[in-house]
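> File name input13.pdb; file contents PDB, C-alpha atoms; full text below.
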ATOM      1  CA  ILE A 730      15.339  -7.343  43.367  1.00  0.00           C
ATOM      2  CA  CYS A 731      15.945  -3.854  41.941  1.00  0.00           C
ATOM      3  CA  ALA A 732      16.980  -5.287  38.548  1.00  0.00           C
ATOM      4  CA  PHE A 733      13.896  -7.462  38.229  1.00  0.00           C
ATOM      5  CA  THR A 734      11.598  -4.664  39.438  1.00  0.00           C
ATOM      6  CA  PHE A 735      13.095  -2.378  36.783  1.00  0.00           C
ATOM      7  CA  LEU A 736      12.682  -5.084  34.119  1.00  0.00           C
ATOM      8  CA  PHE A 737       9.081  -5.700  35.191  1.00  0.00           C
ATOM      9  CA  PHE A 738       8.167  -2.029  34.751  1.00  0.00           C
ATOM     10  CA  ALA A 739      10.014  -1.804  31.426  1.00  0.00           C
ATOM     11  CA  LEU A 740       8.188  -4.875  30.104  1.00  0.00           C
ATOM     12  CA  THR A 741       4.777  -3.675  31.331  1.00  0.00           C
ATOM     13  CA  ASP A 742       5.388  -0.391  29.514  1.00  0.00           C
ATOM     14  CA  LEU A 743       6.215  -2.295  26.320  1.00  0.00           C
ATOM     15  CA  TRP A 744       3.174  -4.524  26.747  1.00  0.00           C
ATOM     16  CA  ASP A 745       0.876  -1.572  27.450  1.00  0.00           C
ATOM     17  CA  GLY A 746       1.969   0.179  24.256  1.00  0.00           C
ATOM     18  CA  TYR A 747       1.583  -2.991  22.207  1.00  0.00           C
ATOM     19  CA  ILE A 748      -1.935  -3.622  23.518  1.00  0.00           C
ATOM     20  CA  ALA A 749      -2.991   0.006  22.963  1.00  0.00           C
ATOM     21  CA  ARG A 750      -1.793  -0.040  19.348  1.00  0.00           C
ATOM     22  CA  LYS A 751      -3.246  -3.479  18.640  1.00  0.00           C
ATOM     23  CA  LEU A 752      -6.679  -2.508  19.981  1.00  0.00           C
ATOM     24  CA  GLY A 753      -6.566   0.953  18.441  1.00  0.00           C
ATOM     25  CA  ALA A 754      -6.936   2.394  21.933  1.00  0.00           C
ATOM     26  CA  THR A 755      -4.253   5.055  21.670  1.00  0.00           C
ATOM     27  CA  THR A 756      -5.125   8.453  23.085  1.00  0.00           C
ATOM     28  CA  SER A 757      -3.514  11.870  22.980  1.00  0.00           C
ATOM     29  CA  ILE A 758      -2.943  11.754  26.751  1.00  0.00           C
ATOM     30  CA  GLY A 759      -1.332   8.333  26.372  1.00  0.00           C
ATOM     31  CA  ALA A 760       0.879   9.654  23.581  1.00  0.00           C
ATOM     32  CA  LEU A 761       2.015  12.395  25.954  1.00  0.00           C
ATOM     33  CA  LEU A 762       2.387  10.358  29.147  1.00  0.00           C
ATOM     34  CA  ASP A 763       3.953   7.170  27.747  1.00  0.00           C
ATOM     35  CA  PRO A 764       7.224   8.778  26.590  1.00  0.00           C
ATOM     36  CA  LEU A 765       7.345  10.722  29.850  1.00  0.00           C
ATOM     37  CA  ALA A 766       6.988   7.510  31.866  1.00  0.00           C
ATOM     38  CA  ASP A 767       9.679   5.873  29.688  1.00  0.00           C
ATOM     39  CA  LYS A 768      12.096   8.692  30.398  1.00  0.00           C
ATOM     40  CA  MET A 769      11.342   8.667  34.117  1.00  0.00           C
ATOM     41  CA  LEU A 770      12.055   4.934  34.270  1.00  0.00           C
ATOM     42  CA  MET A 771      15.312   5.222  32.301  1.00  0.00           C
ATOM     43  CA  VAL A 772      16.554   8.261  34.225  1.00  0.00           C
ATOM     44  CA  THR A 773      15.824   6.546  37.528  1.00  0.00           C
ATOM     45  CA  GLY A 774      17.752   3.449  36.477  1.00  0.00           C
ATOM     46  CA  LEU A 775      20.707   5.452  35.174  1.00  0.00           C
ATOM     47  CA  VAL A 776      20.889   7.669  38.264  1.00  0.00           C
ATOM     48  CA  LEU A 777      20.755   4.638  40.568  1.00  0.00           C
ATOM     49  CA  LEU A 778      23.606   3.007  38.639  1.00  0.00           C
ATOM     50  CA  VAL A 779      25.729   6.165  38.843  1.00  0.00           C
ATOM     51  CA  SER A 780      25.012   6.510  42.565  1.00  0.00           C
ATOM     52  CA  VAL A 781      26.438   3.052  43.314  1.00  0.00           C
ATOM     53  CA  GLY A 782      29.414   3.463  40.982  1.00  0.00           C
ATOM     54  CA  SER A 783      28.238   0.973  38.346  1.00  0.00           C
ATOM     55  CA  LEU A 784      28.080   3.532  35.542  1.00  0.00           C
ATOM     56  CA  TYR A 785      30.135   6.588  34.645  1.00  0.00           C
ATOM     57  CA  ALA A 786      28.177   9.785  35.241  1.00  0.00           C
ATOM     58  CA  TRP A 787      29.145  11.235  31.845  1.00  0.00           C
ATOM     59  CA  ILE A 788      27.496   8.292  30.066  1.00  0.00           C
ATOM     60  CA  ALA A 789      24.279   8.756  32.038  1.00  0.00           C
ATOM     61  CA  VAL A 790      24.389  12.504  31.346  1.00  0.00           C
ATOM     62  CA  LEU A 791      24.742  11.956  27.582  1.00  0.00           C
ATOM     63  CA  LEU A 792      21.877   9.445  27.513  1.00  0.00           C
ATOM     64  CA  ILE A 793      19.623  11.663  29.616  1.00  0.00           C
ATOM     65  CA  CYS A 794      20.469  14.858  27.704  1.00  0.00           C
ATOM     66  CA  ARG A 795      19.835  13.141  24.389  1.00  0.00           C
ATOM     67  CA  ASP A 796      16.354  12.135  25.553  1.00  0.00           C
ATOM     68  CA  ILE A 797      15.595  15.633  26.825  1.00  0.00           C
ATOM     69  CA  GLY A 798      16.916  17.135  23.581  1.00  0.00           C
ATOM     70  CA  VAL A 799      14.829  14.869  21.363  1.00  0.00           C
ATOM     71  CA  SER A 800      11.738  15.574  23.475  1.00  0.00           C
ATOM     72  CA  GLY A 801      12.410  19.285  23.066  1.00  0.00           C
ATOM     73  CA  LEU A 802      12.745  18.924  19.303  1.00  0.00           C
ATOM     74  CA  ARG A 803       9.455  17.048  19.169  1.00  0.00           C
ATOM     75  CA  LEU A 804       7.718  19.830  21.105  1.00  0.00           C
ATOM     76  CA  LEU A 805       9.219  22.508  18.839  1.00  0.00           C
ATOM     77  CA  ALA A 806       8.200  20.529  15.771  1.00  0.00           C
ATOM     78  CA  GLN A 807       4.660  20.188  17.072  1.00  0.00           C
ATOM     79  CA  LYS A 808       4.499  23.931  17.676  1.00  0.00           C
ATOM     80  CA  GLN A 809       5.664  24.507  14.079  1.00  0.00           C
ATOM     81  CA  GLY A 810       2.974  22.143  12.739  1.00  0.00           C
ATOM     82  CA  PHE A 811       4.945  19.022  11.915  1.00  0.00           C
ATOM     83  CA  ALA A 812       5.939  15.829  13.692  1.00  0.00           C
ATOM     84  CA  ILE A 813       9.192  14.031  14.300  1.00  0.00           C
ATOM     85  CA  ASP A 814       8.360  10.379  14.674  1.00  0.00           C
ATOM     86  CA  VAL A 815      10.333   7.842  16.659  1.00  0.00           C
ATOM     87  CA  ASN A 816      12.887   6.125  14.448  1.00  0.00           C
ATOM     88  CA  THR A 817      14.129   2.537  14.524  1.00  0.00           C
ATOM     89  CA  TYR A 818      17.456   3.585  16.034  1.00  0.00           C
ATOM     90  CA  GLY A 819      15.664   5.280  18.924  1.00  0.00           C
ATOM     91  CA  LYS A 820      13.617   2.149  19.578  1.00  0.00           C
ATOM     92  CA  LEU A 821      16.763   0.030  19.500  1.00  0.00           C
ATOM     93  CA  LYS A 822      18.438   2.518  21.844  1.00  0.00           C
ATOM     94  CA  THR A 823      15.635   2.096  24.336  1.00  0.00           C
ATOM     95  CA  GLY A 824      15.887  -1.695  24.160  1.00  0.00           C
ATOM     96  CA  PHE A 825      19.645  -1.692  24.650  1.00  0.00           C
ATOM     97  CA  THR A 826      19.346   0.844  27.483  1.00  0.00           C
ATOM     98  CA  VAL A 827      16.810  -1.337  29.301  1.00  0.00           C
ATOM     99  CA  ALA A 828      19.040  -4.389  28.831  1.00  0.00           C
ATOM    100  CA  ALA A 829      22.110  -2.445  29.986  1.00  0.00           C
ATOM    101  CA  ILE A 830      20.421  -1.107  33.106  1.00  0.00           C
ATOM    102  CA  PHE A 831      19.093  -4.553  33.973  1.00  0.00           C
ATOM    103  CA  CYS A 832      22.483  -6.227  33.532  1.00  0.00           C
ATOM    104  CA  LEU A 833      24.349  -3.506  35.433  1.00  0.00           C
ATOM    105  CA  MET A 834      21.864  -3.713  38.284  1.00  0.00           C
ATOM    106  CA  ILE A 835      22.631  -7.424  38.587  1.00  0.00           C
ATOM    107  CA  ASN A 836      26.345  -6.483  38.291  1.00  0.00           C
ATOM    108  CA  THR A 837      27.719  -9.937  39.039  1.00  0.00           C
ATOM    109  CA  GLN A 838      28.367 -13.276  37.460  1.00  0.00           C
ATOM    110  CA  LEU A 839      25.305 -15.474  37.384  1.00  0.00           C
ATOM    111  CA  PHE A 840      25.072 -18.905  35.764  1.00  0.00           C
ATOM    112  CA  GLY A 841      28.561 -18.344  34.349  1.00  0.00           C
ATOM    113  CA  ILE A 842      27.476 -15.116  32.646  1.00  0.00           C
ATOM    114  CA  SER A 843      29.183 -11.831  33.548  1.00  0.00           C
ATOM    115  CA  PHE A 844      26.267  -9.437  33.647  1.00  0.00           C
ATOM    116  CA  ARG A 845      28.667  -6.543  34.270  1.00  0.00           C
ATOM    117  CA  VAL A 846      30.507  -7.148  30.980  1.00  0.00           C
ATOM    118  CA  ILE A 847      27.284  -7.649  29.022  1.00  0.00           C
ATOM    119  CA  GLY A 848      25.771  -4.558  30.629  1.00  0.00           C
ATOM    120  CA  MET A 849      28.738  -2.388  29.675  1.00  0.00           C
ATOM    121  CA  LEU A 850      28.640  -3.721  26.110  1.00  0.00           C
ATOM    122  CA  PHE A 851      24.952  -2.814  25.943  1.00  0.00           C
ATOM    123  CA  VAL A 852      25.711   0.645  27.385  1.00  0.00           C
ATOM    124  CA  TRP A 853      28.177   1.376  24.585  1.00  0.00           C
ATOM    125  CA  VAL A 854      25.731   0.159  21.924  1.00  0.00           C
ATOM    126  CA  SER A 855      22.979   2.225  23.551  1.00  0.00           C
ATOM    127  CA  LEU A 856      25.196   5.317  23.661  1.00  0.00           C
ATOM    128  CA  PHE A 857      26.080   4.967  19.976  1.00  0.00           C
ATOM    129  CA  LEU A 858      22.419   4.479  19.035  1.00  0.00           C
ATOM    130  CA  ALA A 859      21.383   7.417  21.233  1.00  0.00           C
ATOM    131  CA  LEU A 860      23.836   9.789  19.601  1.00  0.00           C
ATOM    132  CA  TYR A 861      23.097   8.566  16.077  1.00  0.00           C
ATOM    133  CA  SER A 862      19.315   8.665  16.470  1.00  0.00           C
ATOM    134  CA  GLY A 863      19.619  12.091  18.129  1.00  0.00           C
ATOM    135  CA  TYR A 864      21.569  13.277  15.097  1.00  0.00           C
ATOM    136  CA  LEU A 865      18.875  11.883  12.768  1.00  0.00           C
ATOM    137  CA  HIS A 866      16.125  13.599  14.750  1.00  0.00           C
ATOM    138  CA  THR A 867      18.013  16.896  14.666  1.00  0.00           C
ATOM    139  CA  ARG A 868      18.627  16.632  10.929  1.00  0.00           C
ATOM    140  CA  LEU A 869      14.968  15.783  10.271  1.00  0.00           C
ATOM    141  CA  PHE A 870      13.869  18.711  12.415  1.00  0.00           C
ATOM    142  CA  GLY A 871      16.110  21.062  10.431  1.00  0.00           C
ATOM    143  CA  GLU A 872      14.812  19.780   7.110  1.00  0.00           C
ATOM    144  CA  GLN A 873      11.168  20.048   8.161  1.00  0.00           C
ATOM    145  CA  PHE A 874      11.689  23.437   9.811  1.00  0.00           C
ATOM    146  CA  ASN A 875      13.180  24.855   6.610  1.00  0.00           C
ATOM    147  CA  LYS A 876      10.185  23.537   4.590  1.00  0.00           C
ATOM    148  CA  THR A 877       7.639  25.179   6.877  1.00  0.00           C
ATOM    149  CA  PRO A 878       6.420  28.350   5.111  1.00  0.00           C
ATOM    150  CA  THR A 879       6.145  30.388   8.321  1.00  0.00           C
ATOM    151  CA  ASN A 880       9.893  30.049   8.902  1.00  0.00           C
ATOM    152  CA  HIS A 881      11.065  31.725   5.703  1.00  0.00           C
TER     153      HIS A 881
END
Will you turn the file into structure tokens for me?


Amino acid sequence: ICAFTFLFFALTDLWDGYIARKLGATTSIGALLDPLADKMLMVTGLVLLVSVGSLYAWIAVLLICRDIGVSGLRLLAQKQGFAIDVNTYGKLKTGFTVAAIFCLMINTQLFGISFRVIGMLFVWVSLFLALYSGYLHTRLFGEQFNKTPTNH
């Protein structure tokens, strides 16, 4: 039940964003709250998995810290007058993280499929994408920061 509840909320978030962009109904409050809601959902899923022993704490910590770090960079960039947009690797990371959390919440074999094995595979892909996209965000921030005239 927990896995399908998590998946439901993840899919409604995806659908909500798609509809808002398609209808041109994006707002500044939505741009602020949507990533916050995404992070709250992911952190909740990761913490629940750690609490039942289905995920190593250090993996959850790296994924959570990466998200906090990237959010911090985005806020600093905004304060300096430039933006750091979401990159493809970050979007893929989110997709793999959702899939990993869902599979690890099921954590059993179902219809001959080992959701535990698939979930752990997705965790490793998600972790790689998280670290790589975090690196790209950090590099982009540094490049843009050095171009900003007020920082020289």

> For Leu784 of chain A, which residue among A:His866, A:Leu833, A:Leu856, A:Phe874 is the nearest when counting all atoms listed in the file?

A:Leu833

> So, counting only C-alpha atoms, which residue among A:Ala786, A:Val772, A:Val815, A:Cys731 is closest to Arg803 of chain A?

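When distances to Arg803 of chain A are compared using only C-alpha atoms, the smallest one comes from A:Val815.
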
> When you draw a straight line from atom CA of Arg845 of chain A to atom CA of Gly863 of chain A, how long is it in Å?

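Separating atom CA of Arg845 of chain A from atom CA of Gly863 of chain A is a distance of 26.3 Å.
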
> Expand the PyMOL selection byres ((chain A and resi 859-861) around 8) into the individual residues it matches in the shown file, reporting them as a list in words.

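Those residues are Leu792, Arg795, Tyr818, Gly819, Lys822, Ser855, Leu856, Phe857, Leu858, Ser862, Gly863, Tyr864 and Leu865 of chain A.
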
> Using 5 Å of padding on each side, determine the axis-aligned box around all atoms of segment 799-812 of chain A present in the file and give its centre and edge lengths in Å to one decimal, as JSON.


{"center_x": 8.9, "center_y": 19.7, "center_z": 17.7, "size_x": 21.9, "size_y": 19.6, "size_z": 21.6}

> Atom CA of Leu743 of chain A and atom CA of Leu761 of chain A, how far apart in Å?

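Spanning atom CA of Leu761 of chain A to atom CA of Leu743 of chain A is a straight-line distance of 15.3 Å.
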
> Go through A:Leu850, A:Ala806, A:Ile830, A:Gly824 one by one, measure the shortest atom-to-atom distance of each to Asn875 of chain A using only C-alpha atoms, and give the residue with the smallest value.

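Closest to Asn875 of chain A, using only C-alpha atoms: A:Ala806.
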
> With all atoms listed in the file as the atoms that count, which of A:Met849, A:Gln809, A:Ile748, A:Thr817 lies nearest to Ile788 of chain A?

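Closest to Ile788 of chain A, using all atoms listed in the file: A:Met849.
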
> So that I can check the surroundings of Tyr785 of chain A, please list as a list in words every protein, DNA and RNA residue that reaches within 12 Å of it, counting all atoms listed in the file and ignoring chain neighbours fewer than 3 positions away.

Leu775, Val776, Leu777, Leu778, Val779, Ser780, Val781, Gly782, Ile788, Ala789, Val790, Leu791, Leu792, Leu833, Met849, Val852 and Trp853 of chain A

> From the options A:Asp767, A:Thr773, A:Ala754, A:Ala812, which residue's atoms come nearest to Met834 of chain A, counting only C-alpha atoms?

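Distance minimum relative to Met834 of chain A lands on A:Thr773.
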
> By how many Å are atom CA of Gly848 of chain A and atom CA of Ser783 of chain A apart?

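So the answer is 9.8 Å.
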
> Around (3.2, 12.4, 22.7) in the file's frame, which residues reach within 10 Å when counting all atoms listed in the file? Return as a tab-separated table (two decimals) with C-alpha atoms, in the coordinates of the input?


chain	number	residue	atom	x	y	z
A	756	THR	CA	-5.12	8.45	23.08
A	757	SER	CA	-3.51	11.87	22.98
A	758	ILE	CA	-2.94	11.75	26.75
A	759	GLY	CA	-1.33	8.33	26.37
A	760	ALA	CA	0.88	9.65	23.58
A	761	LEU	CA	2.02	12.40	25.95
A	762	LEU	CA	2.39	10.36	29.15
A	763	ASP	CA	3.95	7.17	27.75
A	764	PRO	CA	7.22	8.78	26.59
A	765	LEU	CA	7.34	10.72	29.85
A	800	SER	CA	11.74	15.57	23.48
A	803	ARG	CA	9.46	17.05	19.17
A	804	LEU	CA	7.72	19.83	21.10
A	807	GLN	CA	4.66	20.19	17.07
A	814	ASP	CA	8.36	10.38	14.67

> Which residue is closest to Thr867 of chain A? Choose from A:Val854, A:Ala732, A:Ile813, A:Leu821 and count all atoms listed in the file.

A:Ile813

> Tell me, as an mmCIF file with C-alpha atoms, keeping the file's coordinate frame, which residues lie within 10 Å of Phe735 of chain A, counting all atoms listed in the file; anything in the same chain fewer than 5 positions away does not count.


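New file part-v1.cif:
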data_model
loop_
_atom_site.group_PDB
_atom_site.id
_atom_site.type_symbol
_atom_site.label_atom_id
_atom_site.label_comp_id
_atom_site.auth_asym_id
_atom_site.auth_seq_id
_atom_site.Cartn_x
_atom_site.Cartn_y
_atom_site.Cartn_z
ATOM 1 C CA ILE A 730 15.339 -7.343 43.367
ATOM 2 C CA LEU A 740 8.188 -4.875 30.104
ATOM 3 C CA LEU A 770 12.055 4.934 34.270
ATOM 4 C CA MET A 771 15.312 5.222 32.301
ATOM 5 C CA THR A 773 15.824 6.546 37.528
ATOM 6 C CA GLY A 774 17.752 3.449 36.477
ATOM 7 C CA VAL A 827 16.810 -1.337 29.301
ATOM 8 C CA ILE A 830 20.421 -1.107 33.106
ATOM 9 C CA PHE A 831 19.093 -4.553 33.973
ATOM 10 C CA MET A 834 21.864 -3.713 38.284
#

> Render segment 782-801 of chain A from the structure in the preceding block as a file of N, CA, C and O atoms, as a PDB file, in the first residue's frame.


ATOM      1  N   GLY A 782      15.364  -0.742   7.074  1.00  0.00           N
ATOM      2  CA  GLY A 782      16.544  -1.502   6.680  1.00  0.00           C
ATOM      3  C   GLY A 782      16.597  -1.907   5.216  1.00  0.00           C
ATOM      4  O   GLY A 782      17.369  -2.786   4.842  1.00  0.00           O
ATOM      5  N   SER A 783      15.809  -1.252   4.370  1.00  0.00           N
ATOM      6  CA  SER A 783      15.799  -1.584   2.942  1.00  0.00           C
ATOM      7  C   SER A 783      16.770  -0.755   2.118  1.00  0.00           C
ATOM      8  O   SER A 783      16.931  -0.995   0.930  1.00  0.00           O
ATOM      9  N   LEU A 784      17.401   0.229   2.760  1.00  0.00           N
ATOM     10  CA  LEU A 784      18.342   1.096   2.054  1.00  0.00           C
ATOM     11  C   LEU A 784      19.415   1.538   3.033  1.00  0.00           C
ATOM     12  O   LEU A 784      19.119   1.847   4.192  1.00  0.00           O
ATOM     13  N   TYR A 785      20.656   1.546   2.573  1.00  0.00           N
ATOM     14  CA  TYR A 785      21.757   2.038   3.403  1.00  0.00           C
ATOM     15  C   TYR A 785      21.567   3.528   3.666  1.00  0.00           C
ATOM     16  O   TYR A 785      21.273   4.296   2.753  1.00  0.00           O
ATOM     17  N   ALA A 786      21.797   3.930   4.903  1.00  0.00           N
ATOM     18  CA  ALA A 786      21.630   5.329   5.290  1.00  0.00           C
ATOM     19  C   ALA A 786      22.550   6.243   4.487  1.00  0.00           C
ATOM     20  O   ALA A 786      22.153   7.347   4.105  1.00  0.00           O
ATOM     21  N   TRP A 787      23.792   5.806   4.213  1.00  0.00           N
ATOM     22  CA  TRP A 787      24.728   6.682   3.518  1.00  0.00           C
ATOM     23  C   TRP A 787      24.251   7.009   2.102  1.00  0.00           C
ATOM     24  O   TRP A 787      24.515   8.104   1.591  1.00  0.00           O
ATOM     25  N   ILE A 788      23.529   6.080   1.477  1.00  0.00           N
ATOM     26  CA  ILE A 788      22.996   6.355   0.136  1.00  0.00           C
ATOM     27  C   ILE A 788      21.907   7.419   0.234  1.00  0.00           C
ATOM     28  O   ILE A 788      21.888   8.378  -0.546  1.00  0.00           O
ATOM     29  N   ALA A 789      21.006   7.250   1.193  1.00  0.00           N
ATOM     30  CA  ALA A 789      19.941   8.239   1.392  1.00  0.00           C
ATOM     31  C   ALA A 789      20.538   9.606   1.712  1.00  0.00           C
ATOM     32  O   ALA A 789      20.081  10.626   1.186  1.00  0.00           O
ATOM     33  N   VAL A 790      21.563   9.636   2.553  1.00  0.00           N
ATOM     34  CA  VAL A 790      22.204  10.897   2.925  1.00  0.00           C
ATOM     35  C   VAL A 790      22.801  11.575   1.693  1.00  0.00           C
ATOM     36  O   VAL A 790      22.627  12.791   1.497  1.00  0.00           O
ATOM     37  N   LEU A 791      23.492  10.829   0.850  1.00  0.00           N
ATOM     38  CA  LEU A 791      24.067  11.432  -0.366  1.00  0.00           C
ATOM     39  C   LEU A 791      22.983  11.989  -1.280  1.00  0.00           C
ATOM     40  O   LEU A 791      23.119  13.101  -1.808  1.00  0.00           O
ATOM     41  N   LEU A 792      21.906  11.226  -1.474  1.00  0.00           N
ATOM     42  CA  LEU A 792      20.824  11.696  -2.348  1.00  0.00           C
ATOM     43  C   LEU A 792      20.152  12.936  -1.769  1.00  0.00           C
ATOM     44  O   LEU A 792      19.875  13.902  -2.496  1.00  0.00           O
ATOM     45  N   ILE A 793      19.908  12.931  -0.478  1.00  0.00           N
ATOM     46  CA  ILE A 793      19.253  14.071   0.165  1.00  0.00           C
ATOM     47  C   ILE A 793      20.169  15.294   0.167  1.00  0.00           C
ATOM     48  O   ILE A 793      19.736  16.409  -0.168  1.00  0.00           O
ATOM     49  N   CYS A 794      21.434  15.105   0.512  1.00  0.00           N
ATOM     50  CA  CYS A 794      22.379  16.230   0.540  1.00  0.00           C
ATOM     51  C   CYS A 794      22.587  16.817  -0.843  1.00  0.00           C
ATOM     52  O   CYS A 794      22.730  18.042  -0.987  1.00  0.00           O
ATOM     53  N   ARG A 795      22.611  16.000  -1.849  1.00  0.00           N
ATOM     54  CA  ARG A 795      22.740  16.509  -3.219  1.00  0.00           C
ATOM     55  C   ARG A 795      21.571  17.429  -3.533  1.00  0.00           C
ATOM     56  O   ARG A 795      21.740  18.516  -4.087  1.00  0.00           O
ATOM     57  N   ASP A 796      20.351  17.002  -3.194  1.00  0.00           N
ATOM     58  CA  ASP A 796      19.179  17.827  -3.482  1.00  0.00           C
ATOM     59  C   ASP A 796      19.215  19.140  -2.703  1.00  0.00           C
ATOM     60  O   ASP A 796      18.888  20.200  -3.246  1.00  0.00           O
ATOM     61  N   ILE A 797      19.610  19.087  -1.453  1.00  0.00           N
ATOM     62  CA  ILE A 797      19.718  20.307  -0.655  1.00  0.00           C
ATOM     63  C   ILE A 797      20.800  21.223  -1.239  1.00  0.00           C
ATOM     64  O   ILE A 797      20.614  22.433  -1.365  1.00  0.00           O
ATOM     65  N   GLY A 798      21.924  20.634  -1.628  1.00  0.00           N
ATOM     66  CA  GLY A 798      23.019  21.411  -2.210  1.00  0.00           C
ATOM     67  C   GLY A 798      22.628  22.096  -3.501  1.00  0.00           C
ATOM     68  O   GLY A 798      22.918  23.289  -3.703  1.00  0.00           O
ATOM     69  N   VAL A 799      21.953  21.382  -4.382  1.00  0.00           N
ATOM     70  CA  VAL A 799      21.524  21.968  -5.654  1.00  0.00           C
ATOM     71  C   VAL A 799      20.491  23.062  -5.407  1.00  0.00           C
ATOM     72  O   VAL A 799      20.530  24.117  -6.044  1.00  0.00           O
ATOM     73  N   SER A 800      19.594  22.838  -4.464  1.00  0.00           N
ATOM     74  CA  SER A 800      18.608  23.886  -4.129  1.00  0.00           C
ATOM     75  C   SER A 800      19.319  25.131  -3.607  1.00  0.00           C
ATOM     76  O   SER A 800      18.951  26.260  -3.958  1.00  0.00           O
ATOM     77  N   GLY A 801      20.331  24.931  -2.783  1.00  0.00           N
ATOM     78  CA  GLY A 801      21.113  26.053  -2.280  1.00  0.00           C
ATOM     79  C   GLY A 801      21.818  26.808  -3.391  1.00  0.00           C
ATOM     80  O   GLY A 801      21.837  28.047  -3.405  1.00  0.00           O
TER      81      GLY A 801
END
